[in-house]
>>> print(open('target_25.cif').read())   # mmCIF, C-alpha atoms
data_final
#
loop_
_atom_site.label_atom_id
_atom_site.label_comp_id
_atom_site.auth_asym_id
_atom_site.auth_seq_id
_atom_site.Cartn_x
_atom_site.Cartn_y
_atom_site.Cartn_z
CA MET L 822 -129.20 -62.61 -57.79
CA THR L 823 -129.47 -60.94 -61.18
CA MET L 824 -126.80 -61.16 -63.87
CA GLU L 825 -125.81 -58.66 -66.52
CA PHE L 826 -123.43 -59.16 -69.45
CA VAL L 827 -121.39 -56.31 -70.92
CA ASP L 828 -118.20 -55.82 -72.85
CA VAL L 829 -116.67 -53.35 -70.39
CA LEU L 830 -117.50 -52.47 -66.80
CA VAL L 831 -116.35 -49.01 -65.71
CA ILE L 832 -116.14 -48.41 -61.95
CA GLY L 833 -116.64 -44.73 -61.18
CA ALA L 834 -118.40 -41.89 -63.02
CA GLY L 835 -115.83 -39.13 -62.55
CA PRO L 836 -113.89 -37.58 -65.46
CA SER L 837 -111.90 -40.74 -66.20
CA GLY L 838 -114.94 -43.02 -66.13
CA CYS L 839 -117.05 -40.68 -68.27
CA VAL L 840 -114.32 -40.15 -70.87
CA SER L 841 -113.58 -43.88 -71.20
CA SER L 842 -117.20 -45.02 -71.24
CA SER L 843 -118.23 -42.33 -73.72
CA TYR L 844 -115.41 -43.26 -76.12
CA LEU L 845 -116.26 -46.96 -75.90
CA HIS L 846 -119.99 -46.32 -76.37
CA ASN L 847 -119.30 -44.09 -79.38
CA ASN L 848 -117.35 -46.99 -80.91
CA GLY L 849 -120.08 -49.59 -80.46
CA ILE L 850 -118.82 -51.24 -77.27
CA LYS L 851 -121.44 -52.28 -74.70
CA VAL L 852 -120.42 -50.56 -71.49
CA LYS L 853 -121.87 -50.24 -67.99
CA VAL L 854 -120.80 -47.66 -65.39
CA VAL L 855 -121.31 -48.16 -61.66
CA GLU L 856 -120.84 -45.27 -59.23
CA LYS L 857 -120.87 -45.67 -55.46
CA THR L 858 -122.11 -42.16 -54.66
CA ARG L 859 -125.07 -40.05 -55.67
CA PHE L 860 -124.46 -37.09 -57.97
CA PRO L 861 -123.96 -34.19 -57.66
CA ARG L 862 -121.31 -34.71 -55.01
CA LEU L 863 -118.48 -32.56 -53.64
CA VAL L 864 -114.99 -33.57 -54.67
CA VAL L 865 -111.61 -31.87 -54.89
CA GLY L 866 -109.72 -31.31 -58.17
CA GLU L 867 -111.32 -28.10 -59.41
CA SER L 868 -108.46 -26.73 -61.50
CA LEU L 869 -108.02 -28.37 -64.90
CA ILE L 870 -105.12 -28.08 -67.37
CA PRO L 871 -105.42 -27.72 -71.17
CA ARG L 872 -104.50 -31.33 -72.03
CA VAL L 873 -107.89 -32.49 -70.71
CA MET L 874 -109.67 -30.59 -73.49
CA ASP L 875 -108.29 -33.02 -76.06
CA HIS L 876 -109.89 -35.89 -74.16
CA PHE L 877 -113.27 -34.22 -73.70
CA ALA L 878 -113.37 -33.41 -77.42
CA GLU L 879 -112.41 -36.93 -78.48
CA ALA L 880 -114.95 -38.48 -76.10
CA GLY L 881 -117.74 -36.28 -77.45
CA LEU L 882 -118.30 -34.48 -74.13
CA LEU L 883 -116.90 -31.04 -74.93
CA GLU L 884 -120.09 -29.48 -76.28
CA ALA L 885 -122.15 -30.46 -73.23
CA LEU L 886 -119.49 -29.12 -70.88
CA ASP L 887 -119.15 -25.87 -72.82
CA THR L 888 -122.83 -25.07 -72.28
CA MET L 889 -122.21 -24.96 -68.51
CA ASN L 890 -120.27 -21.67 -68.83
CA PHE L 891 -117.55 -22.63 -66.39
CA GLU L 892 -114.84 -20.06 -65.64
CA LYS L 893 -112.17 -20.13 -68.34
CA LYS L 894 -108.64 -20.78 -67.17
CA LEU L 895 -106.16 -19.07 -69.49
CA GLY L 896 -103.11 -19.57 -67.29
CA ALA L 897 -102.01 -19.46 -63.67
CA ARG L 898 -100.40 -17.07 -61.21
CA PHE L 899 -97.78 -17.99 -58.62
CA ILE L 900 -97.22 -15.55 -55.76
CA ARG L 901 -94.30 -15.38 -53.34
CA GLY L 902 -94.53 -12.31 -51.14
CA LYS L 903 -94.30 -9.39 -53.57
CA GLU L 904 -93.00 -11.58 -56.41
CA ILE L 905 -95.42 -12.67 -59.13
CA CYS L 906 -94.94 -15.31 -61.84
CA LEU L 907 -97.65 -15.53 -64.52
CA PHE L 908 -98.04 -18.37 -67.00
CA ASP L 909 -100.12 -17.84 -70.14
CA PHE L 910 -101.16 -21.11 -71.79
CA SER L 911 -101.24 -19.40 -75.20
CA ASN L 912 -97.49 -18.79 -74.86
CA LYS L 913 -96.17 -22.33 -74.49
CA PHE L 914 -93.68 -24.54 -76.34
CA SER L 915 -95.90 -27.48 -77.29
CA GLU L 916 -98.89 -27.45 -79.62
CA GLY L 917 -102.23 -27.88 -77.88
CA TRP L 918 -105.14 -26.16 -76.22
CA ASP L 919 -104.52 -22.64 -74.87
CA TRP L 920 -107.20 -22.73 -72.17
CA THR L 921 -109.34 -24.95 -70.00
CA TRP L 922 -111.78 -24.49 -67.08
CA GLN L 923 -111.95 -23.85 -63.34
CA VAL L 924 -114.89 -25.92 -62.15
CA PRO L 925 -117.02 -26.76 -59.12
CA ARG L 926 -116.58 -30.50 -59.49
CA ALA L 927 -120.08 -31.28 -58.25
CA ASP L 928 -121.54 -29.45 -61.26
CA PHE L 929 -118.79 -30.49 -63.67
CA ASP L 930 -118.91 -34.22 -62.95
CA ASN L 931 -122.70 -34.23 -62.93
CA ALA L 932 -122.78 -32.54 -66.34
CA MET L 933 -120.58 -35.30 -67.77
CA ALA L 934 -122.57 -38.04 -66.08
CA GLN L 935 -125.87 -36.69 -67.39
CA GLU L 936 -124.40 -36.43 -70.88
CA ILE L 937 -123.29 -40.07 -70.99
CA ILE L 938 -126.75 -41.08 -69.72
CA ARG L 939 -128.25 -38.98 -72.54
CA LYS L 940 -126.03 -40.88 -74.97
CA GLY L 941 -127.60 -44.13 -73.78
CA ILE L 942 -124.88 -45.43 -71.46
CA ASP L 943 -126.09 -47.53 -68.53
CA LEU L 944 -124.90 -45.54 -65.49
CA GLU L 945 -125.98 -46.87 -62.11
CA PHE L 946 -125.56 -44.54 -59.13
CA GLU L 947 -125.29 -45.61 -55.47
CA SER L 948 -124.05 -49.06 -56.41
CA GLU L 949 -121.00 -50.46 -54.66
CA VAL L 950 -118.55 -53.04 -55.95
CA THR L 951 -118.04 -55.61 -53.19
CA ALA L 952 -116.07 -58.36 -54.95
CA VAL L 953 -114.36 -59.16 -58.24
CA LYS L 954 -113.43 -62.60 -59.56
CA PHE L 955 -111.37 -63.08 -62.71
CA GLU L 956 -111.58 -66.09 -65.00
CA GLY L 957 -108.70 -65.35 -67.32
CA SER L 958 -109.37 -61.85 -68.63
CA ASP L 959 -113.13 -62.23 -68.13
CA SER L 960 -114.52 -61.03 -64.82
CA ILE L 961 -117.53 -61.40 -62.57
CA THR L 962 -118.12 -58.34 -60.40
CA THR L 963 -120.49 -58.43 -57.45
CA ILE L 964 -122.42 -55.19 -56.93
CA LYS L 965 -124.66 -54.09 -54.10
CA THR L 966 -127.34 -51.63 -55.20
CA LYS L 967 -128.73 -48.75 -53.11
CA ASP L 968 -131.78 -50.86 -52.14
CA GLY L 969 -129.60 -53.75 -50.99
CA GLN L 970 -130.00 -56.03 -54.00
CA ILE L 971 -127.01 -58.08 -55.14
CA LYS L 972 -126.17 -58.48 -58.80
CA GLU L 973 -123.34 -59.89 -60.87
CA VAL L 974 -121.89 -58.09 -63.86
CA HIS L 975 -119.99 -60.30 -66.31
CA ALA L 976 -117.48 -58.31 -68.38
CA LYS L 977 -114.62 -58.88 -70.79
CA PHE L 978 -112.71 -55.98 -69.27
CA ILE L 979 -112.85 -53.66 -66.23
CA ILE L 980 -111.72 -50.05 -66.09
CA ASP L 981 -111.27 -48.94 -62.49
CA SER L 982 -111.93 -45.19 -62.41
CA SER L 983 -113.06 -45.25 -58.78
CA GLY L 984 -110.72 -42.45 -57.66
CA TYR L 985 -109.98 -42.44 -53.94
CA GLY L 986 -112.37 -45.38 -53.63
CA ARG L 987 -109.51 -47.41 -55.19
CA VAL L 988 -111.70 -50.46 -55.69
CA LEU L 989 -109.35 -52.85 -57.49
CA PRO L 990 -106.21 -51.76 -55.60
CA ARG L 991 -108.07 -52.69 -52.38
CA LEU L 992 -109.58 -55.92 -53.64
CA LEU L 993 -106.47 -57.12 -55.48
CA ASP L 994 -103.83 -55.82 -53.03
CA LEU L 995 -102.24 -53.43 -55.52
CA ASP L 996 -101.53 -50.45 -53.26
CA ALA L 997 -97.92 -49.26 -52.99
CA PRO L 998 -96.24 -46.45 -51.02
CA SER L 999 -95.98 -43.09 -52.78
CA LYS L 1000 -92.55 -41.79 -53.76
CA LEU L 1001 -93.53 -38.31 -52.55
CA ASP L 1002 -93.19 -36.91 -49.04
CA PRO L 1003 -96.41 -36.90 -46.98
CA HIS L 1004 -98.47 -33.78 -47.63
CA SER L 1005 -102.02 -32.87 -46.66
CA SER L 1006 -104.56 -30.18 -47.50
CA ILE L 1007 -107.67 -28.49 -46.14
CA PHE L 1008 -110.13 -26.75 -48.44
CA ALA L 1009 -113.55 -25.13 -48.58
CA HIS L 1010 -115.64 -22.84 -50.77
CA VAL L 1011 -116.59 -19.24 -50.04
CA LYS L 1012 -118.98 -16.73 -51.55
CA ASP L 1013 -116.33 -14.46 -53.08
CA VAL L 1014 -117.93 -11.18 -51.95
CA ASN L 1015 -114.66 -9.23 -52.16
CA ARG L 1016 -113.69 -10.48 -55.62
CA PRO L 1017 -111.92 -7.78 -57.68
CA GLU L 1018 -113.26 -6.93 -61.11
CA GLY L 1019 -111.89 -8.52 -64.26
CA GLU L 1020 -109.03 -10.98 -64.62
CA GLU L 1021 -107.56 -10.10 -61.22
CA GLY L 1022 -110.64 -11.60 -59.60
CA THR L 1023 -110.92 -14.76 -61.70
CA LEU L 1024 -107.28 -15.76 -62.18
CA ILE L 1025 -106.34 -19.01 -60.48
CA SER L 1026 -103.50 -18.40 -58.05
CA PHE L 1027 -101.04 -20.25 -55.85
CA ASP L 1028 -99.76 -18.18 -52.93
CA ILE L 1029 -96.53 -19.50 -51.39
CA LEU L 1030 -96.60 -19.01 -47.62
CA GLU L 1031 -93.42 -20.98 -46.97
CA LYS L 1032 -91.25 -23.09 -49.28
CA GLU L 1033 -93.45 -26.16 -48.72
CA VAL L 1034 -96.72 -24.40 -47.82
CA TRP L 1035 -99.10 -22.70 -50.23
CA LEU L 1036 -102.70 -21.61 -50.72
CA TRP L 1037 -104.77 -22.33 -53.79
CA VAL L 1038 -107.40 -19.84 -54.89
CA ILE L 1039 -109.73 -21.09 -57.66
CA PRO L 1040 -112.54 -18.68 -58.61
CA PHE L 1041 -115.69 -20.13 -60.24
CA SER L 1042 -118.12 -18.49 -62.64
CA ASN L 1043 -120.97 -18.92 -60.10
CA GLY L 1044 -119.39 -16.32 -57.77
CA ASN L 1045 -117.90 -18.84 -55.38
CA THR L 1046 -114.20 -19.56 -54.92
CA SER L 1047 -112.36 -22.64 -53.71
CA ILE L 1048 -109.58 -21.91 -51.25
CA GLY L 1049 -107.26 -24.49 -49.76
CA VAL L 1050 -103.98 -24.82 -47.92
CA VAL L 1051 -101.36 -27.44 -48.77
CA GLY L 1052 -98.24 -28.33 -46.82
CA SER L 1053 -96.44 -31.08 -45.02
CA THR L 1054 -98.82 -33.17 -42.96
CA ALA L 1055 -97.09 -31.98 -39.80
CA PHE L 1056 -97.59 -28.32 -40.76
CA VAL L 1057 -101.24 -28.78 -41.72
CA ASN L 1058 -101.99 -30.69 -38.51
CA ALA L 1059 -100.37 -27.92 -36.47
CA LEU L 1060 -102.74 -25.27 -37.87
CA SER L 1061 -105.29 -26.26 -35.23
CA GLU L 1062 -104.48 -27.83 -31.87
CA THR L 1063 -107.99 -29.34 -31.73
CA ASN L 1064 -107.96 -30.60 -35.34
CA ASN L 1065 -110.72 -28.11 -36.16
CA THR L 1066 -110.64 -27.68 -39.93
CA THR L 1067 -112.43 -24.32 -39.88
CA GLU L 1068 -109.89 -22.91 -37.43
CA ALA L 1069 -107.01 -24.45 -39.39
CA LEU L 1070 -108.02 -22.97 -42.75
CA LYS L 1071 -108.74 -19.56 -41.21
CA ASN L 1072 -105.29 -19.62 -39.62
CA ALA L 1073 -103.72 -20.46 -42.97
CA ILE L 1074 -105.49 -17.55 -44.69
CA GLN L 1075 -104.14 -15.21 -41.99
CA LEU L 1076 -100.64 -16.10 -43.19
CA SER L 1077 -101.34 -14.70 -46.67
CA ASP L 1078 -100.55 -11.01 -47.08
CA PHE L 1079 -101.96 -11.23 -50.61
CA TYR L 1080 -105.36 -12.75 -49.75
CA ILE L 1081 -106.09 -11.86 -46.12
CA ASN L 1082 -108.25 -8.85 -47.08
CA ARG L 1083 -110.21 -10.80 -49.70
CA PHE L 1084 -110.89 -13.93 -47.64
CA GLY L 1085 -109.93 -13.22 -44.02
CA ASP L 1086 -113.46 -12.53 -42.76
CA VAL L 1087 -115.51 -14.48 -45.33
CA PRO L 1088 -117.39 -17.50 -43.92
CA PHE L 1089 -116.99 -20.93 -45.47
CA LEU L 1090 -119.95 -22.44 -47.32
CA PHE L 1091 -119.31 -25.83 -45.71
CA GLU L 1092 -117.03 -27.17 -43.02
CA PRO L 1093 -113.56 -27.36 -44.57
CA ILE L 1094 -112.52 -30.82 -45.70
CA LYS L 1095 -109.16 -32.29 -44.79
CA LEU L 1096 -107.29 -34.64 -47.11
CA GLU L 1097 -104.42 -36.23 -45.21
CA ASN L 1098 -101.40 -37.86 -46.86
CA TYR L 1099 -103.18 -37.72 -50.19
CA SER L 1100 -100.45 -39.04 -52.54
CA ARG L 1101 -101.12 -42.56 -53.80
CA ALA L 1102 -99.33 -45.21 -55.89
CA VAL L 1103 -99.85 -48.79 -57.04
CA LYS L 1104 -97.74 -51.86 -57.80
CA GLN L 1105 -99.08 -52.06 -61.36
CA LEU L 1106 -101.38 -50.07 -63.63
CA TYR L 1107 -103.02 -52.99 -65.41
CA GLY L 1108 -103.56 -56.73 -65.31
CA ASP L 1109 -105.21 -59.46 -67.32
CA GLY L 1110 -108.68 -58.02 -67.93
CA PHE L 1111 -108.37 -54.70 -66.08
CA ALA L 1112 -106.78 -51.26 -66.14
CA LEU L 1113 -106.44 -48.67 -63.38
CA THR L 1114 -107.05 -45.05 -64.34
CA GLY L 1115 -107.00 -41.69 -62.57
CA ASN L 1116 -106.72 -41.56 -58.79
CA SER L 1117 -107.41 -45.28 -58.47
CA SER L 1118 -103.80 -45.68 -59.64
CA GLU L 1119 -101.52 -42.69 -58.99
CA PHE L 1120 -102.20 -39.31 -57.39
CA LEU L 1121 -99.29 -36.92 -57.02
CA ASP L 1122 -100.07 -33.48 -55.63
CA PRO L 1123 -102.49 -30.64 -56.40
CA VAL L 1124 -99.78 -28.01 -56.96
CA PHE L 1125 -99.86 -28.22 -60.78
CA SER L 1126 -103.42 -29.50 -61.14
CA SER L 1127 -102.37 -32.70 -62.89
CA GLY L 1128 -104.96 -35.01 -61.29
CA VAL L 1129 -107.85 -34.71 -63.75
CA ALA L 1130 -105.44 -34.66 -66.71
CA PHE L 1131 -103.91 -38.00 -65.73
CA ALA L 1132 -107.42 -39.32 -65.07
CA THR L 1133 -108.69 -38.45 -68.54
CA GLU L 1134 -105.40 -39.40 -70.25
CA SER L 1135 -105.44 -42.87 -68.71
CA GLY L 1136 -109.19 -43.22 -69.19
CA MET L 1137 -109.04 -42.35 -72.87
CA LEU L 1138 -105.94 -44.47 -73.51
CA SER L 1139 -107.36 -47.54 -71.77
CA ALA L 1140 -110.60 -47.20 -73.74
CA LYS L 1141 -108.74 -47.02 -77.06
CA LEU L 1142 -106.64 -50.07 -76.21
CA ILE L 1143 -109.68 -52.05 -75.07
CA HIS L 1144 -111.54 -51.15 -78.27
CA ARG L 1145 -108.64 -52.46 -80.34
CA GLN L 1146 -108.30 -55.58 -78.18
CA LEU L 1147 -111.98 -56.44 -78.43
CA ASN L 1148 -111.62 -56.13 -82.19
CA GLY L 1149 -108.99 -58.86 -82.19
CA GLU L 1150 -105.72 -56.91 -81.99
CA GLN L 1151 -102.88 -57.99 -79.74
CA ILE L 1152 -102.19 -55.15 -77.30
CA ASP L 1153 -98.91 -54.73 -75.44
CA TRP L 1154 -100.35 -53.22 -72.27
CA GLU L 1155 -96.92 -52.85 -70.70
CA VAL L 1156 -95.59 -50.65 -73.50
CA GLU L 1157 -98.73 -48.96 -74.78
CA PHE L 1158 -100.37 -48.25 -71.42
CA SER L 1159 -98.09 -48.70 -68.41
CA GLN L 1160 -94.83 -47.34 -69.82
CA TYR L 1161 -96.62 -44.49 -71.57
CA MET L 1162 -98.52 -43.38 -68.46
CA LYS L 1163 -95.46 -43.82 -66.22
CA SER L 1164 -93.39 -41.58 -68.48
CA GLY L 1165 -95.86 -38.71 -68.05
CA ILE L 1166 -96.26 -39.38 -64.33
CA ALA L 1167 -92.45 -39.31 -63.96
CA VAL L 1168 -92.27 -35.82 -65.49
CA PHE L 1169 -94.91 -34.40 -63.15
CA THR L 1170 -93.37 -36.25 -60.19
CA THR L 1171 -90.10 -34.45 -60.85
CA TYR L 1172 -91.88 -31.10 -61.02
CA VAL L 1173 -93.71 -31.76 -57.76
CA LYS L 1174 -90.51 -32.82 -56.00
CA GLU L 1175 -88.56 -29.84 -57.34
CA TRP L 1176 -91.36 -27.50 -56.31
CA TYR L 1177 -91.00 -28.59 -52.69
CA THR L 1178 -87.16 -28.50 -52.79
CA GLY L 1179 -87.49 -24.89 -53.95
CA ASN L 1180 -85.58 -25.47 -57.21
CA LEU L 1181 -88.61 -24.94 -59.42
CA GLN L 1182 -89.60 -21.86 -57.44
CA THR L 1183 -86.12 -20.48 -58.19
CA LEU L 1184 -86.83 -20.83 -61.93
CA PHE L 1185 -90.33 -19.35 -61.62
CA PHE L 1186 -89.30 -16.18 -59.82
CA HIS L 1187 -85.87 -15.50 -61.32
CA GLN L 1188 -85.46 -12.05 -62.83
CA PRO L 1189 -85.05 -11.21 -65.60
CA GLU L 1190 -87.33 -13.92 -66.98
CA ASN L 1191 -86.02 -16.27 -69.64
CA PRO L 1192 -88.90 -16.42 -72.20
CA ASP L 1193 -87.65 -19.67 -73.79
CA VAL L 1194 -87.43 -21.50 -70.45
CA LYS L 1195 -90.81 -20.16 -69.41
CA GLN L 1196 -92.52 -21.35 -72.61
CA LYS L 1197 -91.13 -24.85 -72.14
CA ILE L 1198 -92.14 -25.05 -68.48
CA CYS L 1199 -95.58 -23.66 -69.43
CA ALA L 1200 -96.07 -26.58 -71.84
CA VAL L 1201 -95.47 -29.00 -68.96
CA LEU L 1202 -97.90 -27.12 -66.72
CA ALA L 1203 -100.47 -27.33 -69.53
CA GLY L 1204 -100.16 -31.13 -69.40
CA TYR L 1205 -98.12 -31.81 -72.55
CA VAL L 1206 -95.70 -34.05 -70.67
CA TRP L 1207 -95.19 -36.57 -73.46
CA ASP L 1208 -93.62 -34.03 -75.87
CA GLN L 1209 -90.07 -35.32 -76.18
CA ASP L 1210 -89.12 -32.27 -78.28
CA ASN L 1211 -89.38 -30.25 -75.07
CA PRO L 1212 -86.09 -30.53 -73.13
CA PHE L 1213 -87.98 -29.79 -69.91
CA VAL L 1214 -89.83 -33.06 -70.58
CA LYS L 1215 -86.99 -35.12 -72.04
CA LYS L 1216 -84.41 -34.10 -69.41
CA HIS L 1217 -86.82 -33.46 -66.55
CA ASP L 1218 -84.89 -35.54 -64.05
CA ASN L 1219 -81.88 -33.19 -63.97
CA LEU L 1220 -82.54 -30.02 -65.97
CA ILE L 1221 -84.57 -28.14 -63.33
CA LYS L 1222 -82.13 -29.01 -60.56
CA ASN L 1223 -79.04 -28.08 -62.57
CA MET L 1224 -80.51 -24.79 -63.81
CA ALA L 1225 -81.68 -23.79 -60.32
CA HIS L 1226 -78.23 -24.54 -58.86
CA LEU L 1227 -76.61 -22.42 -61.59
CA LEU L 1228 -78.96 -19.49 -60.91
CA ASN L 1229 -78.35 -19.74 -57.17
CA PHE L 1230 -74.59 -19.86 -57.77
CA GLU L 1231 -74.72 -16.74 -59.94
CA LYS L 1232 -76.80 -14.97 -57.30
CA THR L 1233 -74.28 -15.65 -54.53
CA SER L 1234 -71.16 -15.01 -56.64
#
>>> encode(input="target_25.cif", output="structure tokens")
Amino acid sequence: MTMEFVDVLVIGAGPSGCVSSSYLHNNGIKVKVVEKTRFPRLVVGESLIPRVMDHFAEAGLLEALDTMNFEKKLGARFIRGKEICLFDFSNKFSEGWDWTWQVPRADFDNAMAQEIIRKGIDLEFESEVTAVKFEGSDSITTIKTKDGQIKEVHAKFIIDSSGYGRVLPRLLDLDAPSKLDPHSSIFAHVKDVNRPEGEEGTLISFDILEKEVWLWVIPFSNGNTSIGVVGSTAFVNALSETNNTTEALKNAIQLSDFYINRFGDVPFLFEPIKLENYSRAVKQLYGDGFALTGNSSEFLDPVFSSGVAFATESGMLSAKLIHRQLNGEQIDWEVEFSQYMKSGIAVFTTYVKEWYTGNLQTLFFHQPENPDVKQKICAVLAGYVWDQDNPFVKKHDNLIKNMAHLLNFEKTS
């Protein structure tokens, strides 16, 4: 049994773990990162939103990521039959970044991981957390390495950025039922041999097949494209009677008048992956000596690409609070971390729910467009969900519903 002593142990080397560990390291905190898998590794979450760029810049990771020449994401397109709704991130209500990236996560996450290693951060791949014991806010974490050795890491604080591994929620019984209806997805990558020239070929798109069923299409700069179907778990399961994911995703593509010619006969680069009942929640976001970030805490839905943004937001915020706490400040984790994160999560939760009720789709596709409404919704889709000057943030719980009902009433009158 070997023992290591650090200030902060970060579990997971995805976007949240890299952002938090890089910020802490840059501010003189001794940090260790343990990652269960070997990089590069395939993972979903390939569409980013502009808010993440603030975090990458503040963590000192932006320059390394920029050299990778990922596909720039300037906005998003929503398709419903012959109706098109385009959002341009440069035309939004809130101040902030006007673009971000569309990324193969294997390359993206590996680029961040290699950059924090270059910075001098101790990142240990293929090491699994098997137990955690707290003594007050201090912790002793038992880790099994890839060659079977057991070690203990003593830390003053733990950031759980383990994503769907959900290490601390499992070990500390923190899981809770999601407030969202059960949805599932199936996705794969293709060599985009029929990609149109210019922006038409690279624009990220969401094609609505039914009110609660849609395709994502995320083109990458390497010539590949991610394509996935999302819907109720019952619908997704019914796409193949034999639970064959290749058959299911092919059947979903056949339902798309917009994309059937581009992708209908293109083979998948790997067997499509199914994510069933993917929404997650927890009883609490923090405790004495630990914080949960990214998908280890809450995951909503891929429809507005909020996953990585919440991961980096919570990762950066937890790192800042830990830095202050280790320097002797009293931190109110309930107010400064939990309530803050929950307020942003609540906004996106409303948007996800109202997407599947159809109310938000009513606002998206209403003609003529209302430029003011569109700018304010665009700011939310860009991830600026803490801007209380935006009424579509401040009054999110009723504004979308009321406006959609009014538009529907006018249409039928």
>>> residues_around(input="target_25.cif", residues="region 972-983 of chain L", least_positions_apart="2", cutoff="8 Å", atoms="only C-alpha atoms", output="ChimeraX atom specification")
/L:822-835,837-838,856,958-966,970,985-989,1110-1117,1132,1136,1139,1143
>>> resolve_selection(input="target_25.cif", expression="the PyMOL selection byres ((chain L and resi 913-926) around 8)", output="number ranges by chain")
L: 862-875, 891-896, 909-912, 927-931, 1025, 1039-1041, 1195-1200, 1205, 1208, 1211
>>> closest_residue(input="target_25.cif", among="L:Gly1022, L:Gly1085, L:Gly1179, L:Gly957", to="Asn1229 (chain L)", atoms="all atoms listed in the file")
L:Gly1179
>>> resolve_selection(input="target_25.cif", expression="the PyMOL selection byres ((chain L and resi 1045-1049) around 10)", output="ChimeraX atom specification")
/L:865,867-868,923-925,1006-1014,1016,1022-1023,1025-1027,1035-1044,1050-1051,1070-1071,1073-1074,1084,1089-1090,1093-1095
>>> write_last_selection(input="target_25.cif", atoms="C-alpha atoms", output="compact mmCIF listing (two decimals), in the frame of the given file")
# COMPACT_ATOMS: atom_id res chain seq x y z
CA VAL L 865 -111.61 -31.87 -54.89
CA GLU L 867 -111.32 -28.10 -59.41
CA SER L 868 -108.46 -26.73 -61.50
CA GLN L 923 -111.95 -23.85 -63.34
CA VAL L 924 -114.89 -25.92 -62.15
CA PRO L 925 -117.02 -26.76 -59.12
CA SER L 1006 -104.56 -30.18 -47.50
CA ILE L 1007 -107.67 -28.49 -46.14
CA PHE L 1008 -110.13 -26.75 -48.44
CA ALA L 1009 -113.55 -25.13 -48.58
CA HIS L 1010 -115.64 -22.84 -50.77
CA VAL L 1011 -116.59 -19.24 -50.04
CA LYS L 1012 -118.98 -16.73 -51.55
CA ASP L 1013 -116.33 -14.46 -53.08
CA VAL L 1014 -117.93 -11.18 -51.95
CA ARG L 1016 -113.69 -10.48 -55.62
CA GLY L 1022 -110.64 -11.60 -59.60
CA THR L 1023 -110.92 -14.76 -61.70
CA ILE L 1025 -106.34 -19.01 -60.48
CA SER L 1026 -103.50 -18.40 -58.05
CA PHE L 1027 -101.04 -20.25 -55.85
CA TRP L 1035 -99.10 -22.70 -50.23
CA LEU L 1036 -102.70 -21.61 -50.72
CA TRP L 1037 -104.77 -22.33 -53.79
CA VAL L 1038 -107.40 -19.84 -54.89
CA ILE L 1039 -109.73 -21.09 -57.66
CA PRO L 1040 -112.54 -18.68 -58.61
CA PHE L 1041 -115.69 -20.13 -60.24
CA SER L 1042 -118.12 -18.49 -62.64
CA ASN L 1043 -120.97 -18.92 -60.10
CA GLY L 1044 -119.39 -16.32 -57.77
CA VAL L 1050 -103.98 -24.82 -47.92
CA VAL L 1051 -101.36 -27.44 -48.77
CA LEU L 1070 -108.02 -22.97 -42.75
CA LYS L 1071 -108.74 -19.56 -41.21
CA ALA L 1073 -103.72 -20.46 -42.97
CA ILE L 1074 -105.49 -17.55 -44.69
CA PHE L 1084 -110.89 -13.93 -47.64
CA PHE L 1089 -116.99 -20.93 -45.47
CA LEU L 1090 -119.95 -22.44 -47.32
CA PRO L 1093 -113.56 -27.36 -44.57
CA ILE L 1094 -112.52 -30.82 -45.70
CA LYS L 1095 -109.16 -32.29 -44.79
>>> atom_distance(input="target_25.cif", atom1="CA of Asn890 (chain L)", atom2="CA of Leu845 (chain L)")
26.6 Å
>>> axis_aligned_box(input="target_25.cif", around="region 982-994 of chain L", padding_each_side="3 Å", output="lines of an AutoDock Vina configuration file")
center_x = -108.4
center_y = -49.8
center_z = -57.4
size_x = 15.2
size_y = 20.7
size_z = 16.0
>>> atom_distance(input="target_25.cif", atom1="CA of Asp996 (chain L)", atom2="CA of Leu1121 (chain L)")
14.2 Å
>>> residues_around(input="target_25.cif", residues="Asp1218 (chain L)", least_positions_apart="3", cutoff="9 Å", atoms="all atoms listed in the file", output="PDB file with C-alpha atoms, in the frame of the given file")
ATOM      1  CA  ALA L1167     -92.450 -39.310 -63.960  1.00  0.00           C
ATOM      2  CA  VAL L1168     -92.270 -35.820 -65.490  1.00  0.00           C
ATOM      3  CA  THR L1171     -90.100 -34.450 -60.850  1.00  0.00           C
ATOM      4  CA  TYR L1172     -91.880 -31.100 -61.020  1.00  0.00           C
ATOM      5  CA  PHE L1213     -87.980 -29.790 -69.910  1.00  0.00           C
ATOM      6  CA  VAL L1214     -89.830 -33.060 -70.580  1.00  0.00           C
ATOM      7  CA  LYS L1215     -86.990 -35.120 -72.040  1.00  0.00           C
ATOM      8  CA  ILE L1221     -84.570 -28.140 -63.330  1.00  0.00           C
ATOM      9  CA  LYS L1222     -82.130 -29.010 -60.560  1.00  0.00           C
TER      10      LYS L1222
END
